[in-house]
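J.: Have a look at the structure that comes next, please.
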Amino acid sequence: MAQIDKTTQFNQQLSITAEDGGTVNYATLSGSIDQYGVPSMSYYINDGVIYREHLSDFRTAWSAF
């Protein structure tokens, strides 16, 4: 019989509005809570230049996430 591990996953995209009106994603936040209630969080920087320009916004979003 197979064992099924239950987790809950969360994701968030951090983005800015580009000069042309489009959206540019510069970071992805990911998190999960395993079956025992233990959280795990990570992030991926999609665009380092925009990330550095919006570091304060990133830190605020990471803390809230």
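Following the order of the structure tokens, chains are lettered A, B, ..., residues in each are numbered from 1, and ligands are numbered from 1.
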Would you list, as a ChimeraX atom specification, the residues of chain A that end up in helix (DSSP H, G or I) under DSSP run on this structure's backbone?

T.: /A:48-53,55-64

J.: Got time to write the residues from that selection, N, CA and C atoms, as a tab-separated table (two decimals), in the first residue's frame?

T.:
chain	number	residue	atom	x	y	z
A	48	GLY	N	18.01	39.71	-11.39
A	48	GLY	CA	18.85	40.26	-10.34
A	48	GLY	C	18.89	41.78	-10.31
A	49	VAL	N	18.82	42.42	-11.46
A	49	VAL	CA	18.87	43.88	-11.52
A	49	VAL	C	17.63	44.47	-10.86
A	50	ILE	N	16.47	43.98	-11.24
A	50	ILE	CA	15.21	44.49	-10.67
A	50	ILE	C	15.14	44.14	-9.18
A	51	TYR	N	15.61	42.94	-8.84
A	51	TYR	CA	15.64	42.53	-7.43
A	51	TYR	C	16.43	43.52	-6.59
A	52	ARG	N	17.62	43.88	-7.04
A	52	ARG	CA	18.45	44.82	-6.28
A	52	ARG	C	17.81	46.21	-6.21
A	53	GLU	N	17.12	46.61	-7.26
A	53	GLU	CA	16.45	47.90	-7.27
A	53	GLU	C	15.26	47.93	-6.31
A	55	LEU	N	14.96	45.82	-3.43
A	55	LEU	CA	15.35	44.97	-2.32
A	55	LEU	C	14.48	45.18	-1.09
A	56	SER	N	14.15	46.42	-0.79
A	56	SER	CA	13.29	46.70	0.37
A	56	SER	C	11.92	46.07	0.19
A	57	ASP	N	11.34	46.17	-1.01
A	57	ASP	CA	10.04	45.56	-1.29
A	57	ASP	C	10.13	44.04	-1.16
A	58	PHE	N	11.23	43.46	-1.65
A	58	PHE	CA	11.43	42.02	-1.55
A	58	PHE	C	11.47	41.59	-0.09
A	59	ARG	N	12.25	42.29	0.72
A	59	ARG	CA	12.37	41.92	2.14
A	59	ARG	C	11.03	42.03	2.86
A	60	THR	N	10.25	43.04	2.54
A	60	THR	CA	8.93	43.21	3.14
A	60	THR	C	8.03	42.04	2.74
A	61	ALA	N	8.04	41.69	1.45
A	61	ALA	CA	7.20	40.59	0.97
A	61	ALA	C	7.66	39.26	1.57
A	62	TRP	N	8.96	39.06	1.68
A	62	TRP	CA	9.50	37.81	2.23
A	62	TRP	C	9.08	37.66	3.69
A	63	SER	N	9.15	38.75	4.44
A	63	SER	CA	8.76	38.72	5.86
A	63	SER	C	7.27	38.42	6.00
A	64	ALA	N	6.45	39.01	5.14
A	64	ALA	CA	5.01	38.80	5.21
A	64	ALA	C	4.63	37.39	4.73

J.: From the set A:Ala2, A:Phe65, A:Thr7, A:Gly22, which residue has the shortest atom-to-atom contact distance to A:Tyr36, counting only C-alpha atoms?

T.: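 Comparing A:Ala2, A:Phe65, A:Thr7, A:Gly22 against A:Tyr36, the winner is A:Thr7.
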
J.: Suppose you want the space between atom CA of A:Thr28 and atom CA of A:Lys6; what is it in Å?

T.: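 Going from atom CA of A:Thr28 over to atom CA of A:Lys6 covers 22.6 Å.
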
J.: Near A:Gln13, counting only C-alpha atoms, which residues have an atom at most 8 Å away, once you skip same-chain residues fewer than 3 positions from it, shown as a list in words?

T.: Asn25, Tyr26, Ala27, Thr28 and Leu29 of chain A

J.: Just to confirm, what's the straight-line distance from atom CA of A:Gln12 to atom CA of A:Met41 in Å (one decimal)?

T.: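 One can read the atom CA of A:Gln12 to atom CA of A:Met41 distance as 11.4 Å.
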
J.: Quick check, in Å to one decimal: how far apart do atom CA of A:Asp5 and atom CA of A:Ile33 lie?

T.: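 Distance between the two atoms: 11.0 Å.
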
J.: Identify, on the basis of only C-alpha atoms, every residue whose closest approach to A:Ser32 does not exceed 9 Å; exclude the query and any residue fewer than 6 positions from it along the same chain; express the result as a PDB file with N, CA and C atoms, in the first residue's frame.

T.:
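The new file selection_10.pdb reads:
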ATOM      1  N   THR A   7       0.922  17.704   2.263  1.00  0.00           N
ATOM      2  CA  THR A   7       1.580  18.998   2.448  1.00  0.00           C
ATOM      3  C   THR A   7       0.674  20.090   1.910  1.00  0.00           C
ATOM      4  N   THR A   8       0.923  21.290   2.380  1.00  0.00           N
ATOM      5  CA  THR A   8       0.249  22.476   1.857  1.00  0.00           C
ATOM      6  C   THR A   8       1.322  23.372   1.260  1.00  0.00           C
ATOM      7  N   GLN A   9       1.113  23.830   0.034  1.00  0.00           N
ATOM      8  CA  GLN A   9       2.115  24.647  -0.641  1.00  0.00           C
ATOM      9  C   GLN A   9       1.571  26.034  -0.942  1.00  0.00           C
ATOM     10  N   PHE A  10       2.489  27.021  -0.862  1.00  0.00           N
ATOM     11  CA  PHE A  10       2.152  28.408  -1.153  1.00  0.00           C
ATOM     12  C   PHE A  10       3.182  28.966  -2.131  1.00  0.00           C
ATOM     13  N   ASN A  11       2.765  29.811  -3.057  1.00  0.00           N
ATOM     14  CA  ASN A  11       3.662  30.461  -3.996  1.00  0.00           C
ATOM     15  C   ASN A  11       3.230  31.911  -4.178  1.00  0.00           C
ATOM     16  N   VAL A  38       5.648  21.368   9.945  1.00  0.00           N
ATOM     17  CA  VAL A  38       6.959  21.997   9.827  1.00  0.00           C
ATOM     18  C   VAL A  38       7.017  22.807   8.536  1.00  0.00           C
ATOM     19  N   PRO A  39       7.270  24.128   8.636  1.00  0.00           N
ATOM     20  CA  PRO A  39       7.314  24.957   7.441  1.00  0.00           C
ATOM     21  C   PRO A  39       8.681  24.907   6.749  1.00  0.00           C
ATOM     22  N   SER A  40       8.660  25.152   5.467  1.00  0.00           N
ATOM     23  CA  SER A  40       9.868  25.261   4.653  1.00  0.00           C
ATOM     24  C   SER A  40       9.642  26.392   3.662  1.00  0.00           C
ATOM     25  N   MET A  41      10.631  27.288   3.517  1.00  0.00           N
ATOM     26  CA  MET A  41      10.479  28.430   2.612  1.00  0.00           C
ATOM     27  C   MET A  41      11.721  28.567   1.740  1.00  0.00           C
TER      28      MET A  41
END

J.: What residues in chain A get the DSSP label strand (DSSP E or B)? Please answer as a list in words.

T.: Thr8, Gln9, Phe10, Asn11, Gln12, Gln13, Leu14, Ser15, Ile16, Thr17, Thr23, Val24, Asn25, Tyr26, Ala27, Thr28, Leu29, Ser30, Gly31, Ser32, Ile33, Pro39, Ser40, Met41, Ser42, Tyr43, Tyr44 and Ile45 of chain A

J.: Counting only C-alpha atoms, figure out which residue out of A:Val24, A:Gln3, A:Thr17, A:Ser30 gets nearest to A:Ser42.

T.: A:Ser30
